[in-house]
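Structure first, then comments.
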2 protein chains.
Amino acid sequence: MQSARTTLRRKPGRGAHDAATVHAILDEALVCHLGFAVDGQPYVIPTIHARREDRLYVHGAIANRMLRVLAGGAPCCLTVTLVDGIVLARSAFHHSVNYRSVVVLGRAEEVVSAPEKEEALAAIVEKTMRGRNALCRPPSEAELRAVKVLRLPLDEASAKLRTGPPIDDEPDYALPHWAGVIPLRTTAGEPEPDPRLAPGAPFPHDLGRDAGGTTGTAPPTR
Amino acid sequence: MQSARTTLRRKPGRGAHDAATVHAILDEALVCHLGFAVDGQPYVIPTIHARREDRLYVHGAIANRMLRVLAGGAPCCLTVTLVDGIVLARSAFHHSVNYRSVVVLGRAEEVVSAPEKEEALAAIVEKTMRGRNALCRPPSEAELRAVKVLRLPLDEASAKLRTGPPIDDEPDYALPHWAGVIPLRTTAGEPEPDPRLAPGAPFPHDLGRDAGGTTGTAPPTR
């Protein structure tokens, strides 16, 4: 998936182009940031994405400007970033953030095949909560018509990662300052039932396993 | 801070342009996604930002391509997104994400004033951990020369938010499916001391209060 445009110019040791790494980061991230330009002005808009094999899908209302621009064949950039930790160094200069990010360059196409569109939308619902499609009402014909789905191939994609402890200048290791990593993780809290839900309706999902975008293995206790 | 370009076209009820809302979201987010174009190809790159009054600062190595393009006056878009929850509706169609995002449009300028540059870099360190500048070695002259700092004014900025429970179609409220919100939050885990730190060196920060990008009030217990 490597190209001249997705080859890291700086700190190449932080780069990765293998599909497994790229896919894992895309799959773990709940939202992406999609970049496109209108009249030379870049816009970066958050949205939810889902991957199936080597294709990404995004969706939105048919009137959505971003999707209209992208479906017209404009070049775009889809980026996801997982922030894994705060890196505190002995020197201000070497403070950093541990992260895993993927940058995808390309042009999107509108999905016109009905089965592919339905599969993409199901994948996006599944992204919020694994197993969710079996536990909600599927889209009606009218709802399917109201949504536009775009496909972005993973032809040009690269990952960039920083992991591990701070890297200080050798003399600074003698300084007394605390240094290390503060791991960050996203966890799911106690589900908040819809006010119109029947009281006591059981929560049907396994949050620690299935909630999208979380890295915790269990919800925090109160 | 409102302009024609930052006025929401769709779901205007989700928009906000007041400075307090925009500032709070920018301040809470540890990283932003910065969009710019090179030869018509948009790029979206994650980086850390810091706000001082109505100015945003980003930084990087002087050889950094993004900073070189932006310092040249190219239009850019800086976006931050806080993901607050997963919205599970009774219908697949009304699944959503609760979030708070800010989109800033404009052109950046390189900071050439030494005091402003040092203050911006200190603000960026402070963003990782409040109080951190007092607990690490400040930048040397050589380090300051190795870094480029850009300033982006908050002249054109808008916030967009989704909060609250799912909004289902009226007939769907009779369906038996669980619906509601799964709150997501980012918490700081146990600090991981640098392997070269003196054993037992005390951790000098209050994680629940000062760790950048976290919303938890206390680190998770193991």
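Chain labels run A, B, ... following the order of the structure tokens; each chain numbers its residues from 1, and ligands are numbered from 1 in the order shown.
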Glu156 (chain A) environment, 12 Å, only C-alpha atoms, sequence neighbours closer than 5 positions dropped, as a ChimeraX atom specification: /A:1-7,17-19,22,54-56,75-79,102-107
Just the selected residues (N, CA and C atoms), exported as a tab-separated table (two decimals), in the first residue's frame, please.
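Saved result, selection.tsv, follows:
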chain	number	residue	atom	x	y	z
A	1	MET	N	0.83	-1.20	0.00
A	1	MET	CA	0.00	0.00	0.00
A	1	MET	C	0.86	1.25	0.00
A	2	GLN	N	2.18	1.03	-0.11
A	2	GLN	CA	3.07	2.18	-0.03
A	2	GLN	C	3.13	2.92	-1.36
A	3	SER	N	3.27	4.22	-1.31
A	3	SER	CA	3.50	5.03	-2.50
A	3	SER	C	4.47	6.13	-2.12
A	4	ALA	N	4.93	6.86	-3.12
A	4	ALA	CA	5.85	7.96	-2.82
A	4	ALA	C	5.19	8.96	-1.88
A	5	ARG	N	3.88	9.15	-2.04
A	5	ARG	CA	3.19	10.15	-1.22
A	5	ARG	C	2.95	9.68	0.20
A	6	THR	N	2.95	8.37	0.42
A	6	THR	CA	2.70	7.90	1.77
A	6	THR	C	3.96	7.36	2.45
A	7	THR	N	5.09	7.59	1.82
A	7	THR	CA	6.36	7.22	2.46
A	7	THR	C	6.79	8.35	3.38
A	17	HIS	N	3.73	0.13	6.63
A	17	HIS	CA	2.82	0.09	5.49
A	17	HIS	C	2.14	-1.26	5.36
A	18	ASP	N	2.43	-2.21	6.25
A	18	ASP	CA	1.81	-3.52	6.09
A	18	ASP	C	0.32	-3.44	6.39
A	19	ALA	N	-0.43	-4.23	5.65
A	19	ALA	CA	-1.89	-4.18	5.73
A	19	ALA	C	-2.38	-4.50	7.13
A	22	VAL	N	-2.07	-1.38	9.34
A	22	VAL	CA	-3.01	-0.34	8.87
A	22	VAL	C	-4.45	-0.73	9.21
A	54	ASP	N	-10.13	-4.40	1.89
A	54	ASP	CA	-9.25	-3.27	1.58
A	54	ASP	C	-10.04	-2.05	1.10
A	55	ARG	N	-11.22	-1.89	1.69
A	55	ARG	CA	-12.05	-0.74	1.34
A	55	ARG	C	-12.57	-0.09	2.61
A	56	LEU	N	-12.59	1.23	2.61
A	56	LEU	CA	-13.21	1.97	3.70
A	56	LEU	C	-14.54	2.52	3.22
A	75	PRO	N	-9.81	14.62	-4.74
A	75	PRO	CA	-8.84	13.89	-3.91
A	75	PRO	C	-9.13	14.14	-2.43
A	76	CYS	N	-8.94	13.12	-1.63
A	76	CYS	CA	-9.21	13.28	-0.20
A	76	CYS	C	-8.15	12.58	0.62
A	77	CYS	N	-8.21	12.82	1.91
A	77	CYS	CA	-7.29	12.20	2.87
A	77	CYS	C	-8.10	11.80	4.08
A	78	LEU	N	-8.07	10.53	4.40
A	78	LEU	CA	-8.79	10.04	5.59
A	78	LEU	C	-7.75	9.63	6.62
A	79	THR	N	-7.83	10.23	7.79
A	79	THR	CA	-6.83	9.98	8.83
A	79	THR	C	-7.51	9.52	10.12
A	102	VAL	N	-3.16	6.37	10.99
A	102	VAL	CA	-3.16	5.91	9.60
A	102	VAL	C	-3.62	7.06	8.72
A	103	VAL	N	-2.93	7.26	7.63
A	103	VAL	CA	-3.30	8.26	6.63
A	103	VAL	C	-3.61	7.53	5.33
A	104	VAL	N	-4.79	7.76	4.80
A	104	VAL	CA	-5.21	7.15	3.54
A	104	VAL	C	-5.42	8.27	2.52
A	105	LEU	N	-4.77	8.17	1.38
A	105	LEU	CA	-4.96	9.13	0.29
A	105	LEU	C	-5.74	8.46	-0.83
A	106	GLY	N	-6.54	9.22	-1.52
A	106	GLY	CA	-7.23	8.63	-2.66
A	106	GLY	C	-8.43	9.43	-3.08
A	107	ARG	N	-9.24	8.79	-3.86
A	107	ARG	CA	-10.50	9.38	-4.32
A	107	ARG	C	-11.61	8.39	-3.99
Contacts of Leu34 (chain B) within 10 Å, only C-alpha atoms, excl. fewer than 4 positions in-chain, as a ChimeraX atom specification: /A:33,35,42-44 /B:43-49,58,66,70,76-80,103-104
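Using only C-alpha atoms, the smallest distance between any of A:Asn98, A:Asn64, A:Ser158, A:Ser140 and Leu26 (chain A) comes from A:Ser158.
The shortest atom-to-atom distance to Ala134 (chain B), with only C-alpha atoms taken into account, belongs to B:His205 out of B:Arg162, B:His205, B:Arg196, B:Lys11.
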Where does chain A end up after superposition onto chain B over all in-order Cα pairs? Give it as a CSV table (one decimal) with C-alpha atoms, in the first residue's frame.
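Contents of selection_16.csv, freshly written:
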chain,number,residue,atom,x,y,z
A,1,MET,CA,-16.1,34.0,15.2
A,2,GLN,CA,-18.8,33.0,12.7
A,3,SER,CA,-18.4,33.4,9.0
A,4,ALA,CA,-20.3,32.1,6.0
A,5,ARG,CA,-17.8,29.3,5.7
A,6,THR,CA,-18.2,28.2,9.3
A,7,THR,CA,-22.0,28.4,9.4
A,8,LEU,CA,-23.5,25.0,9.5
A,9,ARG,CA,-25.5,24.1,6.5
A,10,ARG,CA,-27.1,21.1,7.9
A,11,LYS,CA,-28.5,20.5,11.4
A,12,PRO,CA,-27.8,24.1,12.5
A,13,GLY,CA,-29.2,23.3,15.9
A,14,ARG,CA,-26.0,21.4,16.6
A,15,GLY,CA,-23.8,24.4,15.9
A,16,ALA,CA,-22.2,26.9,18.3
A,17,HIS,CA,-20.0,29.9,17.6
A,18,ASP,CA,-19.5,31.4,21.0
A,19,ALA,CA,-15.9,31.7,22.1
A,20,ALA,CA,-16.4,29.9,25.4
A,21,THR,CA,-17.7,26.7,23.8
A,22,VAL,CA,-15.1,26.8,21.1
A,23,HIS,CA,-12.3,27.4,23.6
A,24,ALA,CA,-13.4,24.7,26.0
A,25,ILE,CA,-13.4,22.0,23.3
A,26,LEU,CA,-10.0,23.1,21.9
A,27,ASP,CA,-8.6,23.1,25.4
A,28,GLU,CA,-9.9,19.7,26.4
A,29,ALA,CA,-8.7,17.9,23.2
A,30,LEU,CA,-5.1,16.7,23.5
A,31,VAL,CA,-4.6,16.4,19.7
A,32,CYS,CA,-6.0,18.1,16.6
A,33,HIS,CA,-6.1,17.1,13.0
A,34,LEU,CA,-4.6,19.7,10.7
A,35,GLY,CA,-5.6,19.8,7.0
A,36,PHE,CA,-3.7,21.4,4.2
A,37,ALA,CA,-3.2,20.7,0.5
A,38,VAL,CA,-0.1,20.2,-1.6
A,39,ASP,CA,-0.7,20.2,-5.4
A,40,GLY,CA,-4.4,19.8,-4.9
A,41,GLN,CA,-4.0,16.7,-2.6
A,42,PRO,CA,-5.4,17.2,0.9
A,43,TYR,CA,-3.4,15.9,3.8
A,44,VAL,CA,-4.7,15.5,7.3
A,45,ILE,CA,-2.1,15.1,10.0
A,46,PRO,CA,-2.5,14.7,13.8
A,47,THR,CA,-0.6,17.0,16.0
A,48,ILE,CA,-0.7,18.6,19.4
A,49,HIS,CA,-2.1,22.1,19.7
A,50,ALA,CA,-2.3,24.7,22.5
A,51,ARG,CA,-4.5,27.8,22.8
A,52,ARG,CA,-3.6,31.1,24.3
A,53,GLU,CA,-6.6,33.5,24.2
A,54,ASP,CA,-7.8,33.7,20.6
A,55,ARG,CA,-4.7,32.0,19.1
A,56,LEU,CA,-3.8,28.4,18.5
A,57,TYR,CA,-0.2,27.2,18.3
A,58,VAL,CA,1.2,24.1,16.7
A,59,HIS,CA,4.9,23.2,16.5
A,60,GLY,CA,7.3,20.8,14.8
A,61,ALA,CA,10.8,20.3,13.5
A,62,ILE,CA,12.0,23.0,11.2
A,63,ALA,CA,12.2,20.4,8.4
A,64,ASN,CA,8.6,19.4,8.8
A,65,ARG,CA,6.8,19.6,5.5
A,66,MET,CA,3.4,20.5,6.9
A,67,LEU,CA,4.8,23.4,8.9
A,68,ARG,CA,6.7,24.6,5.8
A,69,VAL,CA,3.5,24.5,3.7
A,70,LEU,CA,1.4,26.2,6.4
A,71,ALA,CA,4.0,28.9,7.2
A,72,GLY,CA,4.0,29.7,3.5
A,73,GLY,CA,0.4,31.0,3.9
A,74,ALA,CA,-1.5,28.0,2.6
A,75,PRO,CA,-5.1,27.9,3.7
A,76,CYS,CA,-5.6,25.3,6.4
A,77,CYS,CA,-8.3,23.7,8.6
A,78,LEU,CA,-7.6,22.6,12.2
A,79,THR,CA,-10.2,20.3,13.6
A,80,VAL,CA,-10.6,18.7,17.1
A,81,THR,CA,-13.1,16.1,18.0
A,82,LEU,CA,-14.0,14.8,21.5
A,83,VAL,CA,-16.0,11.6,21.3
A,84,ASP,CA,-18.4,11.5,24.2
A,85,GLY,CA,-20.6,8.5,23.6
A,86,ILE,CA,-22.1,5.9,21.4
A,87,VAL,CA,-25.8,6.5,20.6
A,88,LEU,CA,-27.7,3.2,20.2
A,89,ALA,CA,-31.1,3.8,18.6
A,90,ARG,CA,-34.0,1.4,18.0
A,91,SER,CA,-33.4,1.7,14.3
A,92,ALA,CA,-30.1,1.2,12.6
A,93,PHE,CA,-30.7,4.4,10.7
A,94,HIS,CA,-30.6,6.6,13.9
A,95,HIS,CA,-27.4,5.2,15.4
A,96,SER,CA,-25.0,8.1,16.1
A,97,VAL,CA,-22.1,9.3,18.1
A,98,ASN,CA,-22.2,12.0,20.8
A,99,TYR,CA,-19.3,14.4,20.2
A,100,ARG,CA,-18.0,17.9,20.4
A,101,SER,CA,-15.9,19.2,17.6
A,102,VAL,CA,-14.4,22.5,16.5
A,103,VAL,CA,-13.4,23.4,13.0
A,104,VAL,CA,-11.0,26.3,12.6
A,105,LEU,CA,-10.3,27.8,9.1
A,106,GLY,CA,-7.5,30.2,8.3
A,107,ARG,CA,-3.9,30.7,7.5
A,108,ALA,CA,-1.1,30.2,9.9
A,109,GLU,CA,1.9,32.3,10.5
A,110,GLU,CA,5.3,31.4,11.8
A,111,VAL,CA,6.0,32.8,15.2
A,112,VAL,CA,9.2,34.8,15.0
A,113,SER,CA,9.1,36.7,18.4
A,114,ALA,CA,11.3,34.7,20.8
A,115,PRO,CA,9.1,35.4,23.9
A,116,GLU,CA,5.9,34.4,22.0
A,117,LYS,CA,7.6,31.2,20.7
A,118,GLU,CA,8.8,30.2,24.2
A,119,GLU,CA,5.3,30.9,25.6
A,120,ALA,CA,3.7,28.8,22.9
A,121,LEU,CA,6.1,25.9,23.5
A,122,ALA,CA,5.5,26.1,27.2
A,123,ALA,CA,1.8,26.0,26.5
A,124,ILE,CA,2.2,22.9,24.4
A,125,VAL,CA,4.1,21.1,27.2
A,126,GLU,CA,1.5,22.3,29.7
A,127,LYS,CA,-1.1,20.7,27.5
A,128,THR,CA,0.4,17.2,28.1
A,129,MET,CA,0.4,17.8,31.8
A,130,ARG,CA,-0.6,20.9,33.7
A,131,GLY,CA,2.3,22.1,35.8
A,132,ARG,CA,4.9,20.2,33.8
A,133,ASN,CA,7.1,23.1,32.8
A,134,ALA,CA,8.1,23.6,36.4
A,135,LEU,CA,9.2,19.9,36.6
A,136,CYS,CA,11.4,19.5,33.5
A,137,ARG,CA,14.4,21.1,31.9
A,138,PRO,CA,13.4,24.2,29.8
A,139,PRO,CA,14.4,24.3,26.1
A,140,SER,CA,18.0,25.4,25.3
A,141,GLU,CA,18.8,27.9,22.6
A,142,ALA,CA,19.7,25.2,20.2
A,143,GLU,CA,16.4,23.3,20.9
A,144,LEU,CA,14.4,26.5,20.3
A,145,ARG,CA,16.2,27.0,17.0
A,146,ALA,CA,15.3,23.4,16.0
A,147,VAL,CA,11.6,24.0,16.4
A,148,LYS,CA,9.2,25.9,14.3
A,149,VAL,CA,6.0,27.3,15.9
A,150,LEU,CA,3.0,28.4,14.0
A,151,ARG,CA,0.1,30.7,15.1
A,152,LEU,CA,-3.4,30.2,13.8
A,153,PRO,CA,-5.9,32.9,14.8
A,154,LEU,CA,-9.3,31.8,15.9
A,155,ASP,CA,-11.0,34.3,13.6
A,156,GLU,CA,-13.1,31.7,11.8
A,157,ALA,CA,-14.1,28.9,14.1
A,158,SER,CA,-17.2,26.9,14.8
A,159,ALA,CA,-18.2,24.1,17.2
A,160,LYS,CA,-20.6,21.3,16.4
A,161,LEU,CA,-22.0,19.1,19.1
A,162,ARG,CA,-24.4,16.2,19.5
A,163,THR,CA,-25.6,15.4,23.0
A,164,GLY,CA,-28.4,13.4,24.5
A,165,PRO,CA,-30.3,10.2,23.8
A,166,PRO,CA,-31.1,8.7,20.4
A,167,ILE,CA,-33.9,10.3,18.4
A,168,ASP,CA,-36.0,7.5,16.9
A,169,ASP,CA,-38.9,7.7,14.6
A,170,GLU,CA,-42.1,7.8,16.6
A,171,PRO,CA,-43.4,4.3,15.7
A,172,ASP,CA,-40.1,2.8,16.6
A,173,TYR,CA,-40.4,3.7,20.2
A,174,ALA,CA,-42.7,0.7,20.5
A,175,LEU,CA,-39.9,-1.7,19.4
A,176,PRO,CA,-38.4,-3.9,22.1
A,177,HIS,CA,-34.8,-2.9,21.3
A,178,TRP,CA,-32.5,-1.4,24.0
A,179,ALA,CA,-31.7,2.2,23.2
A,180,GLY,CA,-29.6,4.8,24.9
A,181,VAL,CA,-26.1,6.1,25.2
A,182,ILE,CA,-22.8,4.5,26.1
A,183,PRO,CA,-20.7,7.2,27.5
A,184,LEU,CA,-17.0,7.1,26.5
A,185,ARG,CA,-14.3,8.7,28.4
A,186,THR,CA,-10.5,8.8,28.2
A,187,THR,CA,-8.7,8.1,31.5
A,188,ALA,CA,-5.1,8.0,32.5
A,189,GLY,CA,-3.7,4.7,33.6
A,190,GLU,CA,-0.9,4.0,36.1
A,191,PRO,CA,2.2,6.0,35.2
A,192,GLU,CA,4.9,3.8,33.6
A,193,PRO,CA,8.3,5.1,34.9
A,194,ASP,CA,11.1,5.4,32.3
A,195,PRO,CA,13.4,2.3,32.6
A,196,ARG,CA,16.3,4.6,33.5
A,197,LEU,CA,14.4,6.4,36.3
A,198,ALA,CA,15.7,5.9,39.8
A,199,PRO,CA,13.6,3.1,41.4
A,200,GLY,CA,10.9,4.5,43.6
A,201,ALA,CA,11.1,8.1,42.2
A,202,PRO,CA,7.9,9.7,43.3
A,203,PHE,CA,5.3,10.6,40.6
A,204,PRO,CA,4.9,14.4,40.9
A,205,HIS,CA,1.6,15.0,39.1
A,206,ASP,CA,-2.1,14.8,40.0
A,207,LEU,CA,-3.3,12.6,37.1
A,208,GLY,CA,-7.0,13.0,37.6
A,209,ARG,CA,-6.6,16.8,37.6
A,210,ASP,CA,-3.7,17.6,35.3
A,211,ALA,CA,-3.3,14.9,32.6
A,212,GLY,CA,-4.0,16.3,29.2
A,213,GLY,CA,-6.9,15.0,27.1
A,214,THR,CA,-8.4,13.0,29.9
A,215,THR,CA,-11.9,13.3,31.2
A,216,GLY,CA,-11.7,10.9,34.1
A,217,THR,CA,-11.5,12.4,37.5
A,218,ALA,CA,-9.2,9.6,38.8
A,219,PRO,CA,-6.9,7.0,37.2
A,220,PRO,CA,-8.4,3.6,37.0
A,221,THR,CA,-7.3,1.2,39.8
A,222,ARG,CA,-5.8,-2.1,38.8
What parts of region 47-199 of chain A does DSSP call strand (DSSP E or B)? I'd like the answer as a PDB file with C-alpha atoms, in the first residue's frame.
ATOM      1  CA  THR A  47     -17.056  11.063  10.734  1.00  0.00           C
ATOM      2  CA  ILE A  48     -17.446   7.371  11.409  1.00  0.00           C
ATOM      3  CA  HIS A  49     -15.856   4.889   9.040  1.00  0.00           C
ATOM      4  CA  ALA A  50     -15.921   1.134   8.614  1.00  0.00           C
ATOM      5  CA  ARG A  51     -13.511  -1.150   6.825  1.00  0.00           C
ATOM      6  CA  ARG A  52     -14.306  -4.245   4.804  1.00  0.00           C
ATOM      7  CA  ARG A  55     -12.049  -0.742   1.339  1.00  0.00           C
ATOM      8  CA  LEU A  56     -13.211   1.971   3.704  1.00  0.00           C
ATOM      9  CA  TYR A  57     -16.780   3.201   3.839  1.00  0.00           C
ATOM     10  CA  VAL A  58     -18.189   6.491   5.082  1.00  0.00           C
ATOM     11  CA  HIS A  59     -21.777   7.650   4.915  1.00  0.00           C
ATOM     12  CA  GLY A  60     -24.028  10.613   5.392  1.00  0.00           C
ATOM     13  CA  ALA A  61     -27.176  12.347   4.293  1.00  0.00           C
ATOM     14  CA  PRO A  75      -8.841  13.891  -3.914  1.00  0.00           C
ATOM     15  CA  CYS A  76      -9.214  13.281  -0.200  1.00  0.00           C
ATOM     16  CA  CYS A  77      -7.293  12.202   2.866  1.00  0.00           C
ATOM     17  CA  LEU A  78      -8.787  10.042   5.585  1.00  0.00           C
ATOM     18  CA  THR A  79      -6.833   9.980   8.835  1.00  0.00           C
ATOM     19  CA  VAL A  80      -7.409   8.108  12.078  1.00  0.00           C
ATOM     20  CA  THR A  81      -5.428   8.616  15.259  1.00  0.00           C
ATOM     21  CA  LEU A  82      -5.383   6.580  18.443  1.00  0.00           C
ATOM     22  CA  VAL A  83      -3.757   8.428  21.323  1.00  0.00           C
ATOM     23  CA  ASP A  84      -2.090   5.846  23.547  1.00  0.00           C
ATOM     24  CA  GLY A  85      -0.156   7.882  26.053  1.00  0.00           C
ATOM     25  CA  ILE A  86       1.502  11.060  27.218  1.00  0.00           C
ATOM     26  CA  VAL A  87       5.292  10.926  27.092  1.00  0.00           C
ATOM     27  CA  LEU A  88       6.905  12.982  29.835  1.00  0.00           C
ATOM     28  CA  SER A  91      13.521  17.931  28.942  1.00  0.00           C
ATOM     29  CA  SER A  96       5.719  13.661  23.119  1.00  0.00           C
ATOM     30  CA  VAL A  97       2.590  11.598  22.649  1.00  0.00           C
ATOM     31  CA  ASN A  98       2.400   7.881  21.976  1.00  0.00           C
ATOM     32  CA  TYR A  99      -0.026   7.284  19.156  1.00  0.00           C
ATOM     33  CA  ARG A 100      -0.949   5.099  16.236  1.00  0.00           C
ATOM     34  CA  SER A 101      -2.257   6.828  13.143  1.00  0.00           C
ATOM     35  CA  VAL A 102      -3.158   5.911   9.596  1.00  0.00           C
ATOM     36  CA  VAL A 103      -3.303   8.265   6.631  1.00  0.00           C
ATOM     37  CA  VAL A 104      -5.209   7.150   3.541  1.00  0.00           C
ATOM     38  CA  LEU A 105      -4.963   9.133   0.295  1.00  0.00           C
ATOM     39  CA  GLY A 106      -7.230   8.632  -2.656  1.00  0.00           C
ATOM     40  CA  ARG A 107     -10.502   9.383  -4.320  1.00  0.00           C
ATOM     41  CA  GLU A 109     -16.647   6.672  -5.166  1.00  0.00           C
ATOM     42  CA  GLU A 110     -20.329   6.497  -4.390  1.00  0.00           C
ATOM     43  CA  MET A 129     -21.279  -1.903  18.847  1.00  0.00           C
ATOM     44  CA  ARG A 137     -34.532  -2.437  13.206  1.00  0.00           C
ATOM     45  CA  VAL A 147     -28.189   7.978   2.795  1.00  0.00           C
ATOM     46  CA  LYS A 148     -25.169   8.212   0.569  1.00  0.00           C
ATOM     47  CA  VAL A 149     -22.309   5.746   1.056  1.00  0.00           C
ATOM     48  CA  LEU A 150     -18.817   6.306  -0.303  1.00  0.00           C
ATOM     49  CA  ARG A 151     -16.094   3.740  -0.799  1.00  0.00           C
ATOM     50  CA  LEU A 152     -12.425   4.684  -0.442  1.00  0.00           C
ATOM     51  CA  PRO A 153      -9.923   2.016  -1.517  1.00  0.00           C
ATOM     52  CA  GLU A 156      -2.400   4.384  -0.684  1.00  0.00           C
ATOM     53  CA  ALA A 157      -2.242   4.085   3.073  1.00  0.00           C
ATOM     54  CA  SER A 158       0.437   4.332   5.696  1.00  0.00           C
ATOM     55  CA  ALA A 159       0.630   3.993   9.441  1.00  0.00           C
ATOM     56  CA  LYS A 160       2.760   5.999  11.799  1.00  0.00           C
ATOM     57  CA  LEU A 161       3.349   5.035  15.400  1.00  0.00           C
ATOM     58  CA  ARG A 162       5.194   6.192  18.440  1.00  0.00           C
ATOM     59  CA  GLY A 180       7.903   8.074  31.693  1.00  0.00           C
ATOM     60  CA  VAL A 181       4.601   7.414  30.007  1.00  0.00           C
ATOM     61  CA  ILE A 182       1.059   8.045  31.175  1.00  0.00           C
ATOM     62  CA  PRO A 183      -1.031   5.490  29.297  1.00  0.00           C
ATOM     63  CA  LEU A 184      -4.378   6.782  28.079  1.00  0.00           C
ATOM     64  CA  ARG A 185      -7.325   4.604  27.299  1.00  0.00           C
ATOM     65  CA  THR A 186     -10.905   5.077  26.268  1.00  0.00           C
ATOM     66  CA  THR A 187     -13.431   3.156  28.286  1.00  0.00           C
ATOM     67  CA  ALA A 188     -17.180   2.750  28.160  1.00  0.00           C
ATOM     68  CA  GLU A 192     -27.572   5.437  30.002  1.00  0.00           C
ATOM     69  CA  PRO A 193     -30.954   4.041  28.974  1.00  0.00           C
TER      70      PRO A 193
END
DSSP alpha helix (DSSP H) residues within region 22-142 of chain A, as number ranges by chain: A: 22-28, 65-71, 114-128, 141-142
